[in-house]
file target_15.tsv (TSV, C-alpha atoms and all ligand atoms)
chain	number	residue	atom	x	y	z
S	1	MET	CA	8.09	-32.33	18.22
S	2	SER	CA	7.59	-28.80	19.41
S	3	GLU	CA	4.85	-26.71	17.81
S	4	PHE	CA	7.52	-24.21	16.78
S	5	LYS	CA	9.42	-26.85	14.83
S	6	ASP	CA	6.16	-28.10	13.28
S	7	VAL	CA	5.43	-24.66	11.88
S	8	LEU	CA	9.01	-24.21	10.68
S	9	LEU	CA	8.82	-27.50	8.78
S	10	LYS	CA	5.37	-26.72	7.37
S	11	ARG	CA	6.59	-23.46	5.80
S	12	ARG	CA	7.69	-24.22	2.27
S	13	SER	CA	7.54	-22.50	-1.11
S	14	ILE	CA	4.11	-23.48	-2.43
S	15	TYR	CA	3.22	-22.46	-5.98
S	16	ALA	CA	-0.02	-24.41	-6.54
S	17	LEU	CA	-2.36	-22.29	-4.45
S	18	GLY	CA	-6.13	-22.35	-4.15
S	19	LYS	CA	-9.03	-20.87	-2.24
S	20	ASN	CA	-9.94	-23.99	-0.24
S	21	SER	CA	-9.68	-22.64	3.28
S	22	GLU	CA	-12.32	-22.10	5.96
S	23	LEU	CA	-10.54	-18.95	7.07
S	24	SER	CA	-11.98	-15.57	6.17
S	25	THR	CA	-9.85	-12.67	5.02
S	26	ASP	CA	-10.65	-10.94	8.32
S	27	GLU	CA	-9.33	-13.89	10.32
S	28	ILE	CA	-6.15	-14.09	8.25
S	29	VAL	CA	-5.54	-10.35	8.42
S	30	ALA	CA	-6.16	-10.30	12.20
S	31	ARG	CA	-3.49	-12.99	12.66
S	32	LEU	CA	-1.03	-11.24	10.36
S	33	ARG	CA	-1.51	-7.97	12.28
S	34	GLU	CA	-0.87	-9.78	15.54
S	35	VAL	CA	2.30	-11.38	14.18
S	36	GLN	CA	3.58	-8.21	12.51
S	37	GLN	CA	3.40	-6.41	15.87
S	38	THR	CA	6.01	-8.84	17.22
S	39	VAL	CA	8.58	-8.41	14.44
S	40	PRO	CA	11.91	-6.91	15.54
S	41	THR	CA	13.19	-3.87	13.62
S	42	ALA	CA	16.35	-1.78	13.89
S	43	ASN	CA	15.90	0.72	16.75
S	44	ASN	CA	12.25	-0.38	16.81
S	45	SER	CA	11.89	1.68	13.62
S	46	GLN	CA	8.86	-0.31	12.35
S	47	THR	CA	9.43	0.75	8.76
S	48	THR	CA	7.61	-2.19	7.12
S	49	ARG	CA	4.13	-1.86	5.62
S	50	LEU	CA	2.12	-4.90	4.53
S	51	VAL	CA	-0.76	-4.63	2.09
S	52	VAL	CA	-3.00	-7.68	1.74
S	53	LEU	CA	-4.71	-7.95	-1.65
S	54	THR	CA	-7.63	-10.32	-2.13
S	55	GLY	CA	-10.34	-10.93	-4.74
S	56	GLU	CA	-10.28	-8.59	-7.72
S	57	ALA	CA	-7.32	-6.66	-6.30
S	58	ASN	CA	-5.23	-9.84	-6.34
S	59	THR	CA	-6.23	-10.56	-9.94
S	60	LYS	CA	-5.39	-6.98	-10.99
S	61	LEU	CA	-1.97	-7.21	-9.35
S	62	TRP	CA	-1.01	-10.42	-11.12
S	63	ASN	CA	-2.36	-9.25	-14.48
S	64	LEU	CA	-0.19	-6.14	-14.18
S	65	ILE	CA	2.89	-8.13	-13.18
S	66	TYR	CA	2.25	-10.61	-16.00
S	67	ASP	CA	2.02	-7.85	-18.61
S	68	VAL	CA	5.22	-6.15	-17.40
S	69	GLN	CA	7.26	-9.33	-17.02
S	70	LYS	CA	6.23	-10.58	-20.47
S	71	GLU	CA	8.13	-7.59	-21.84
S	72	VAL	CA	11.23	-7.89	-19.66
S	73	LEU	CA	11.96	-11.60	-19.13
S	74	ASN	CA	13.87	-13.64	-21.67
S	75	GLU	CA	12.14	-16.73	-23.06
S	76	ALA	CA	13.70	-19.24	-20.65
S	77	MET	CA	12.87	-17.09	-17.61
S	78	TRP	CA	9.37	-16.40	-18.94
S	79	ASN	CA	8.72	-20.13	-19.34
S	80	PHE	CA	9.91	-20.70	-15.78
S	81	MET	CA	8.24	-17.69	-14.16
S	82	SER	CA	4.94	-17.18	-15.97
S	83	PRO	CA	3.24	-20.22	-14.32
S	84	ILE	CA	4.02	-18.62	-10.94
S	85	MET	CA	2.17	-15.45	-11.99
S	86	VAL	CA	-0.76	-17.41	-13.40
S	87	GLY	CA	-0.87	-19.58	-10.27
S	88	ALA	CA	-0.90	-16.53	-8.01
S	89	LYS	CA	-4.21	-15.45	-9.55
S	90	GLU	CA	-5.76	-18.68	-8.22
S	91	ALA	CA	-4.55	-17.86	-4.70
S	92	MET	CA	-6.64	-16.42	-1.88
S	93	GLY	CA	-4.54	-13.29	-1.96
S	94	THR	CA	-1.12	-11.73	-1.90
S	95	VAL	CA	0.76	-9.93	0.84
S	96	LEU	CA	2.75	-7.04	-0.58
S	97	PHE	CA	5.81	-6.18	1.50
S	98	PHE	CA	6.79	-2.51	1.40
S	99	GLU	CA	9.25	-0.32	3.24
S	100	ASP	CA	8.00	3.19	3.96
S	101	ARG	CA	10.94	5.33	2.83
S	102	ASP	CA	9.74	8.24	4.98
S	103	ALA	CA	10.00	5.97	8.04
S	104	VAL	CA	13.36	4.61	6.84
S	105	ASN	CA	14.66	8.20	6.63
S	106	GLN	CA	13.73	8.67	10.30
S	107	MET	CA	16.01	5.81	11.39
S	108	PRO	CA	19.16	6.86	13.26
S	109	ALA	CA	21.17	4.76	10.77
S	110	LYS	CA	21.98	6.46	7.47
S	111	GLY	CA	23.39	5.51	4.08
S	112	GLU	CA	24.43	1.92	3.46
S	113	ARG	CA	23.52	0.87	6.98
S	114	ALA	CA	20.00	2.25	6.59
S	115	GLU	CA	19.68	0.32	3.32
S	116	ALA	CA	20.79	-2.88	5.06
S	117	TYR	CA	18.48	-2.30	8.03
S	118	LYS	CA	15.57	-1.60	5.68
S	119	GLN	CA	16.08	-4.96	3.95
S	120	ASN	CA	16.63	-6.71	7.30
S	121	ASN	CA	13.46	-5.21	8.79
S	122	ASN	CA	11.49	-6.38	5.78
S	123	ALA	CA	13.05	-9.85	5.74
S	124	ASN	CA	12.13	-10.36	9.39
S	125	SER	CA	8.50	-9.66	8.45
S	126	GLN	CA	8.65	-11.90	5.39
S	127	PHE	CA	9.73	-14.90	7.44
S	128	ALA	CA	7.32	-14.20	10.32
S	129	ILE	CA	4.36	-13.74	7.96
S	130	TRP	CA	5.30	-16.83	5.96
S	131	LEU	CA	5.36	-18.85	9.20
S	132	ALA	CA	2.05	-17.33	10.32
S	133	LEU	CA	0.45	-18.40	7.03
S	134	ALA	CA	1.89	-21.90	7.42
S	135	GLU	CA	0.53	-22.07	10.97
S	136	MET	CA	-2.94	-21.34	9.47
S	137	ASP	CA	-2.36	-24.25	7.01
S	138	LEU	CA	-1.94	-21.78	4.15
S	139	GLY	CA	0.77	-22.17	1.54
S	140	ALA	CA	2.75	-19.24	0.15
S	141	SER	CA	5.77	-18.33	-1.91
S	142	LEU	CA	8.09	-15.34	-1.95
S	143	GLN	CA	8.36	-13.34	-5.17
S	144	HIS	CA	10.27	-10.26	-6.37
S	145	PHE	CA	8.54	-9.04	-9.50
S	146	ASN	CA	8.47	-5.34	-10.53
S	147	ILE	CA	10.72	-4.25	-7.66
S	148	GLY	CA	13.09	-1.30	-8.08
S	149	TYR	CA	11.91	1.95	-6.51
S	150	GLU	CA	14.67	4.13	-7.96
S	151	GLN	CA	13.88	2.93	-11.49
S	152	GLY	CA	10.14	3.36	-10.92
S	153	PHE	CA	9.42	-0.34	-11.51
S	154	ASP	CA	6.96	-0.50	-8.59
S	155	LYS	CA	5.18	2.79	-9.39
S	156	ALA	CA	2.31	1.23	-11.33
S	157	ILE	CA	1.54	-1.08	-8.39
S	158	ARG	CA	1.46	1.88	-5.97
S	159	GLU	CA	-0.81	3.79	-8.32
S	160	MET	CA	-3.11	0.83	-8.93
S	161	PHE	CA	-3.89	0.61	-5.20
S	162	ASN	CA	-3.58	4.32	-4.26
S	163	LEU	CA	-0.61	3.68	-2.00
S	164	PRO	CA	1.68	6.44	-0.72
S	165	ALA	CA	4.56	7.49	-2.95
S	166	SER	CA	6.97	6.62	-0.11
S	167	TYR	CA	6.09	2.90	-0.21
S	168	GLU	CA	8.96	0.91	-1.75
S	169	LEU	CA	7.96	-2.57	-2.89
S	170	ILE	CA	10.33	-5.24	-1.54
S	171	ALA	CA	8.49	-8.53	-2.21
S	172	GLN	CA	5.20	-10.26	-2.91
S	173	MET	CA	3.84	-13.31	-1.07
S	174	PRO	CA	0.89	-15.01	-2.79
S	175	PHE	CA	-0.94	-17.27	-0.34
S	176	GLY	CA	-3.79	-19.77	-0.36
S	177	SER	CA	-4.69	-23.39	0.25
S	178	VAL	CA	-1.95	-25.88	-0.56
S	179	GLU	CA	-3.00	-27.57	-3.81
S	180	GLN	CA	0.32	-29.34	-4.29
S	181	ALA	CA	2.89	-29.98	-1.57
S	182	ALA	CA	6.53	-28.98	-1.97
S	183	GLY	CA	9.10	-31.62	-2.87
S	184	GLU	CA	12.14	-32.67	-0.87
S	185	LYS	CA	14.89	-30.11	-0.51
S	186	GLU	CA	18.58	-30.48	0.10
S	187	HIS	CA	20.20	-29.29	3.29
S	188	ILE	CA	23.84	-28.46	3.87
S	189	ASP	CA	25.63	-29.85	6.92
S	190	PRO	CA	24.03	-28.32	10.05
S	191	THR	CA	27.45	-28.20	11.75
S	192	VAL	CA	28.61	-25.90	8.95
S	193	GLN	CA	25.47	-23.82	9.28
S	194	VAL	CA	25.75	-23.58	13.06
S	195	GLN	CA	29.27	-23.66	14.47
S	196	VAL	CA	30.39	-23.64	18.11
S	197	ILE	CA	33.53	-22.20	19.65
S	198	SER	CA	34.04	-22.83	23.36
S	199	GLU	CA	37.51	-21.52	24.09
W	1	LIG	C1	15.98	-13.61	-0.20
W	1	LIG	C2	15.10	-14.62	-0.85
W	1	LIG	C3	14.65	-14.43	-2.14
W	1	LIG	C4	13.78	-15.35	-2.75
W	1	LIG	N1	13.28	-15.08	-3.99
W	1	LIG	C5	12.40	-15.94	-4.53
W	1	LIG	C6	11.78	-15.64	-5.78
W	1	LIG	O1	11.97	-14.54	-6.33
W	1	LIG	N2	10.94	-16.56	-6.32
W	1	LIG	C7	10.67	-17.75	-5.69
W	1	LIG	O2	9.87	-18.53	-6.21
W	1	LIG	N3	11.22	-18.04	-4.49
W	1	LIG	C8	12.06	-17.16	-3.90
W	1	LIG	N4	12.60	-17.43	-2.66
W	1	LIG	C9	12.27	-18.72	-2.00
W	1	LIG	C10	13.44	-19.69	-1.99
W	1	LIG	O3	13.77	-20.08	-3.30
W	1	LIG	C11	13.06	-20.89	-1.11
W	1	LIG	O4	12.70	-20.44	0.16
W	1	LIG	C12	14.19	-21.89	-1.00
W	1	LIG	O5	14.49	-22.49	-2.23
W	1	LIG	C13	13.87	-23.00	0.01
W	1	LIG	O6	12.66	-23.65	-0.31
W	1	LIG	P1	11.43	-23.65	0.71
W	1	LIG	O7	10.89	-22.24	0.80
W	1	LIG	O8	10.43	-24.59	0.14
W	1	LIG	O9	11.93	-24.07	2.05
W	1	LIG	C14	13.43	-16.52	-2.05
W	1	LIG	C15	13.88	-16.72	-0.75
W	1	LIG	C16	14.69	-15.77	-0.13
W	1	LIG	C17	15.12	-15.99	1.28
call {"tool": "encode", "arguments": {"input": "target_15.tsv", "output": "structure tokens"}}
result
Amino acid sequence: MSEFKDVLLKRRSIYALGKNSELSTDEIVARLREVQQTVPTANNSQTTRLVVLTGEANTKLWNLIYDVQKEVLNEAMWNFMSPIMVGAKEAMGTVLFFEDRDAVNQMPAKGERAEAYKQNNNANSQFAIWLALAEMDLGASLQHFNIGYEQGFDKAIREMFNLPASYELIAQMPFGSVEQAAGEKEHIDPTVQVQVISE
């Protein structure tokens, strides 16, 4: 099996995360920087900003998210989601995925297309970074708590870490050692997913 396919298969949503890795934050960040440099963006606009939180910063983030979500989620969602927030505090850290709205405004595309490109740019990074973490034998999951720039839902996170006002939070990716592997997942028919037309 190719190394590429190995890494693709290793990347799963991992919620039971720990700190049992030989890798230092510096080593992880160096790899993520290398990978982020390769990510394609619309017109090479490079609008995505990643902020890696570790240690106390990671704990502060998840305490804040926990407090906010406790107020906004209904009971069923809270019961489902709160273990994810608690688990993320046990992780080695969290990658915050932002889009710099100042950079997005510089893109040639405007309006709805700029919005789509912004999300596409960010999604390309999310997948690349998730794979990079998997390649380092680190588990991760993708979360969307406290997002909503227009409503100011991400403002407290920006303020907590002194981030620019133009940084719009798109997603969070807690990462760490894999303390519990993911289960089986269902796949739809690959010939529906990938179709061929020859004439
Ligand atoms: C656009 C998008 C949004 C997602 N949002 C969440 C989320 O908010 N919380 C979560 O736990 N997983 C989230 N995921 C992860 C998916 O649920 C997960 O990738 C999918 O079920 C397949 O499982 P796997 O990651 O183990 O392969 C999201 C994935 C994508 C692509």
call {"tool": "atom_distance", "arguments": {"input": "target_15.tsv", "atom1": "CA of Glu71 in chain S", "atom2": "CA of Phe145 in chain S"}}
result
12.4 Å
call {"tool": "closest_residue", "arguments": {"input": "target_15.tsv", "among": "S:Gln195, S:Gln151, S:Ser13, S:Thr48", "to": "ligand LIG 1 (chain W)", "atoms": "only C-alpha atoms and all ligand atoms"}}
result
S:Ser13
call {"tool": "closest_atom_pairs", "arguments": {"input": "target_15.tsv", "of": "chain S", "to": "ligand LIG 1 (chain W)", "cutoff": "7 Å", "atoms": "all atoms listed in the file", "output": "Markdown table"}}
result
| residue | atom | partner | partner_atom | distance |
| --- | --- | --- | --- | --- |
| S:Arg11 | CA | W:LIG1 | O9 | 6.6 |
| S:Arg12 | CA | W:LIG1 | O8 | 3.5 |
| S:Ser13 | CA | W:LIG1 | O8 | 3.8 |
| S:Ile14 | CA | W:LIG1 | O8 | 6.9 |
| S:Ser141 | CA | W:LIG1 | O2 | 5.9 |
| S:Leu142 | CA | W:LIG1 | C8 | 4.8 |
| S:Gln143 | CA | W:LIG1 | O1 | 4.0 |
| S:His144 | CA | W:LIG1 | O1 | 4.6 |
| S:Ala182 | CA | W:LIG1 | O8 | 6.2 |
| S:Lys185 | CA | W:LIG1 | O6 | 6.8 |
call {"tool": "closest_residue", "arguments": {"input": "target_15.tsv", "among": "S:Phe161, S:Tyr167, S:Trp130, S:Phe153", "to": "Val7 in chain S", "atoms": "only C-alpha atoms"}}
result
S:Trp130
call {"tool": "closest_residue", "arguments": {"input": "target_15.tsv", "among": "S:Leu9, S:Met173, S:Met92, S:Ala156", "to": "Gly55 in chain S", "atoms": "only C-alpha atoms"}}
result
S:Met92
call {"tool": "residues_around", "arguments": {"input": "target_15.tsv", "residues": "range 17-33 of chain S", "least_positions_apart": "6", "cutoff": "7 Å", "atoms": "all atoms listed in the file", "output": "list of chain:residue names"}}
result
S:Gly87, S:Ala88, S:Glu90, S:Ala91, S:Met92, S:Ile129, S:Ala132, S:Gly139, S:Phe175, S:Gly176, S:Ser177, S:Val178, S:Glu179
call {"tool": "closest_residue", "arguments": {"input": "target_15.tsv", "among": "S:Ser125, S:Gln193, S:Glu3, S:Gln172", "to": "Gln37 in chain S", "atoms": "all atoms listed in the file"}}
result
S:Ser125
call {"tool": "atom_distance", "arguments": {"input": "target_15.tsv", "atom1": "CA of Tyr149 in chain S", "atom2": "CA of Glu99 in chain S"}}
result
10.4 Å
call {"tool": "closest_residue", "arguments": {"input": "target_15.tsv", "among": "S:Gln106, S:Asn74, S:Thr59, S:Thr47", "to": "Gln119 in chain S", "atoms": "all atoms listed in the file"}}
result
S:Thr47
call {"tool": "residues_around", "arguments": {"input": "target_15.tsv", "residues": "Glu115 in chain S", "least_positions_apart": "2", "cutoff": "12 Å", "atoms": "only C-alpha atoms", "output": "short mmCIF file (atom, residue, chain, number, x, y, z; two decimals) with C-alpha atoms, keeping the file's coordinate frame"}}
result
data_model
loop_
_atom_site.label_atom_id
_atom_site.label_comp_id
_atom_site.auth_asym_id
_atom_site.auth_seq_id
_atom_site.Cartn_x
_atom_site.Cartn_y
_atom_site.Cartn_z
CA ALA S 42 16.35 -1.78 13.89
CA THR S 47 9.43 0.75 8.76
CA GLU S 99 9.25 -0.32 3.24
CA ARG S 101 10.94 5.33 2.83
CA VAL S 104 13.36 4.61 6.84
CA ASN S 105 14.66 8.20 6.63
CA MET S 107 16.01 5.81 11.39
CA PRO S 108 19.16 6.86 13.26
CA ALA S 109 21.17 4.76 10.77
CA LYS S 110 21.98 6.46 7.47
CA GLY S 111 23.39 5.51 4.08
CA GLU S 112 24.43 1.92 3.46
CA ARG S 113 23.52 0.87 6.98
CA TYR S 117 18.48 -2.30 8.03
CA LYS S 118 15.57 -1.60 5.68
CA GLN S 119 16.08 -4.96 3.95
CA ASN S 120 16.63 -6.71 7.30
CA ASN S 121 13.46 -5.21 8.79
CA ASN S 122 11.49 -6.38 5.78
CA GLU S 168 8.96 0.91 -1.75
CA ILE S 170 10.33 -5.24 -1.54
#
call {"tool": "atom_distance", "arguments": {"input": "target_15.tsv", "atom1": "CA of Arg49 in chain S", "atom2": "CA of Phe98 in chain S"}}
result
5.0 Å
call {"tool": "closest_residue", "arguments": {"input": "target_15.tsv", "among": "S:Leu50, S:Leu163, S:Ile147, S:Ala114", "to": "Val68 in chain S", "atoms": "all atoms listed in the file"}}
result
S:Ile147
call {"tool": "residues_near_point", "arguments": {"input": "target_15.tsv", "point": "(-4.4, -6.6, -1.2)", "cutoff": "8 Å", "atoms": "only C-alpha atoms", "output": "PDB file with C-alpha atoms, in the frame of the given file"}}
result
ATOM      1  CA  VAL S  51      -0.760  -4.630   2.090  1.00  0.00           C
ATOM      2  CA  VAL S  52      -3.000  -7.680   1.740  1.00  0.00           C
ATOM      3  CA  LEU S  53      -4.710  -7.950  -1.650  1.00  0.00           C
ATOM      4  CA  THR S  54      -7.630 -10.320  -2.130  1.00  0.00           C
ATOM      5  CA  ALA S  57      -7.320  -6.660  -6.300  1.00  0.00           C
ATOM      6  CA  ASN S  58      -5.230  -9.840  -6.340  1.00  0.00           C
ATOM      7  CA  GLY S  93      -4.540 -13.290  -1.960  1.00  0.00           C
ATOM      8  CA  THR S  94      -1.120 -11.730  -1.900  1.00  0.00           C
ATOM      9  CA  VAL S  95       0.760  -9.930   0.840  1.00  0.00           C
ATOM     10  CA  LEU S  96       2.750  -7.040  -0.580  1.00  0.00           C
TER      11      LEU S  96
END
call {"tool": "axis_aligned_box", "arguments": {"input": "target_15.tsv", "around": "range 122-128 of chain S", "padding_each_side": "5 Å", "output": "JSON"}}
result
{"center_x": 10.2, "center_y": -10.6, "center_z": 7.9, "size_x": 15.7, "size_y": 18.5, "size_z": 14.9}
call {"tool": "decode", "arguments": {"input": "target_15.tsv", "residues": "range 124-136 of chain S", "atoms": "N, CA and C atoms", "output": "mmCIF file, in the first residue's frame"}}
result
data_model
loop_
_atom_site.group_PDB
_atom_site.id
_atom_site.type_symbol
_atom_site.label_atom_id
_atom_site.label_comp_id
_atom_site.auth_asym_id
_atom_site.auth_seq_id
_atom_site.Cartn_x
_atom_site.Cartn_y
_atom_site.Cartn_z
ATOM 1 N N ASN S 124 -9.349 23.139 2.539
ATOM 2 C CA ASN S 124 -8.125 22.505 2.028
ATOM 3 C C ASN S 124 -7.092 22.388 3.143
ATOM 4 N N SER S 125 -6.973 23.429 3.953
ATOM 5 C CA SER S 125 -6.022 23.390 5.076
ATOM 6 C C SER S 125 -6.452 22.372 6.117
ATOM 7 N N GLN S 126 -7.753 22.344 6.415
ATOM 8 C CA GLN S 126 -8.238 21.416 7.445
ATOM 9 C C GLN S 126 -7.853 19.980 7.098
ATOM 10 N N PHE S 127 -8.074 19.609 5.843
ATOM 11 C CA PHE S 127 -7.786 18.227 5.445
ATOM 12 C C PHE S 127 -6.277 17.973 5.452
ATOM 13 N N ALA S 128 -5.506 18.930 4.919
ATOM 14 C CA ALA S 128 -4.045 18.749 4.854
ATOM 15 C C ALA S 128 -3.458 18.644 6.261
ATOM 16 N N ILE S 129 -3.930 19.500 7.167
ATOM 17 C CA ILE S 129 -3.388 19.499 8.531
ATOM 18 C C ILE S 129 -3.803 18.222 9.266
ATOM 19 N N TRP S 130 -5.032 17.807 9.028
ATOM 20 C CA TRP S 130 -5.527 16.562 9.652
ATOM 21 C C TRP S 130 -4.662 15.384 9.204
ATOM 22 N N LEU S 131 -4.351 15.338 7.901
ATOM 23 C CA LEU S 131 -3.484 14.275 7.377
ATOM 24 C C LEU S 131 -2.072 14.384 7.953
ATOM 25 N N ALA S 132 -1.571 15.604 8.075
ATOM 26 C CA ALA S 132 -0.217 15.795 8.617
ATOM 27 C C ALA S 132 -0.147 15.283 10.054
ATOM 28 N N LEU S 133 -1.205 15.551 10.823
ATOM 29 C CA LEU S 133 -1.244 15.062 12.210
ATOM 30 C C LEU S 133 -1.276 13.532 12.217
ATOM 31 N N ALA S 134 -2.095 12.966 11.341
ATOM 32 C CA ALA S 134 -2.182 11.494 11.258
ATOM 33 C C ALA S 134 -0.830 10.899 10.890
ATOM 34 N N GLU S 135 -0.142 11.559 9.961
ATOM 35 C CA GLU S 135 1.182 11.069 9.543
ATOM 36 C C GLU S 135 2.149 11.043 10.736
ATOM 37 N N MET S 136 1.959 11.978 11.681
ATOM 38 C CA MET S 136 2.804 12.022 12.899
ATOM 39 C C MET S 136 2.246 11.110 13.998
#
